[in-house]
Amino acid sequence: MDISGFFDVNAKTDNSTDQTFSVGSVELDLEYAYNDHFAASSALVLCGNSSGTDYSAPAAITCGGSGPGGIGAGGAGIAVALVDYHMFDDSIPPRGRIFNANGLHVQGGRFDLPFSSDYQYFANTDRVTVTAPITTSRMQFGGYNGDGVRSYGSWNMFNYSVFWTDAMYANDGTSVGGRLGMSLGQNTYRTHKNTSEGIEFGVSHLSDLDKNRNVRNSVYGADVSLGYGFLKLQSELMWLSARNNFVGADGNEYGKPDELGYHATLLADLESFLSYPVTAFARYGRWQPHNRKAEDYDGALVAINNVSALTFGLNYKFNEYFKLKFEYTDSLGTQTQERYFDKNLGIAQLVVAF
């Protein structure tokens, strides 16, 4: 059995949670190979305490994201637990990048949904930045995660994933979807090295169904990652098309809650210039909801608007076990009435792996 894990400690500037220091989460990852074809993986998580549900906070990503698999602040639970049947590839990572080599996998249990490309970085030890892009933090409620079955595999330059899980946008029903990707360039399979060369692009789809198998929401995604030299560009585009009108707590209908979101993140590995393992990053993201009303974390009806976010920072890797990150995000004058919305926020994060 392979055992690993991590925890992170965060310090914030003045923010809407009125907290400066916090332990984001503690995660223990387990991998066990039974024989040449069967294995099991799990990720056990203890989430740090925080006020409200700040989906831009690191703990919201690590602790399971959306769906019944999500773990609330201050709680403990299972973020990932799955059994796996595989051919050719014997790597069964509980979280992170799953396309490591040619192979075919069929899995059942609880897992992060491989929609678009940011699912690879839900765990803070894998993420170069501190916070997730706006497509994950807002449109995926911190990251799609659910109970069900999935299959994925890679052959040469192509990779695929399909899944059938419990519903992502309600307490009843199911979600079904997947992603089709293609990798070109020097390294066919990307690793967690920040500036691996080559290009990968993919298209994703998720249909959220009610208990009568009627489509409630359709989510479409496209992602592109390009690495060249010391630079790497990661980008995602997501569009959610809702079939039903949003009904507020006041009983009024506010139209279909369609959403559009996108981001572009640039990573620069500066080690060859500075002789230190430093990665600089800059990210621009934008979220465009169709409606101007939504429910806050406590069910209250609040005003929302288009939100932009400009993020930049540094990641210093002491070794395989310690990473220190600094990040600053500015909303560029955009805002909503949500309780835990910050117009600007600075975060320092220490990630300790074991």
# chains A, B, ... in the order shown; residues from 1 in each chain; ligands from 1
$ residues_around --residues "region 267-271 of chain A" --least-positions-apart "4" --cutoff "8 Å" --atoms "only C-alpha atoms" --output "list of chain:residue names"
A:Asn194, A:Thr195, A:Phe230, A:Leu231, A:Lys232, A:Leu233, A:Ser275, A:Tyr276, A:Pro277, A:Val278, A:Thr279, A:Ala280, A:Phe281, A:Ala282
$ closest_residue --among "A:Gly143, A:Gly198, A:Gly108, A:Gly96" --to "Trp164 (chain A)" --atoms "only C-alpha atoms"
A:Gly108
$ atom_distance --atom1 "CA of Arg138 (chain A)" --atom2 "CA of Gly248 (chain A)"
18.6 Å
$ residues_around --residues "region 324-338 of chain A" --least-positions-apart "5" --cutoff "7 Å" --atoms "only C-alpha atoms" --output "list of chain:residue names"
A:Val130, A:Asp296, A:Val302, A:Ala303, A:Ile304, A:Asn305, A:Asn306, A:Val307, A:Ser308, A:Ala309, A:Leu310, A:Thr311, A:Phe312, A:Gly313, A:Leu314, A:Asn315, A:Tyr316, A:Lys317, A:Lys343, A:Asn344, A:Leu345, A:Gly346, A:Ile347, A:Ala348, A:Gln349, A:Leu350, A:Val351
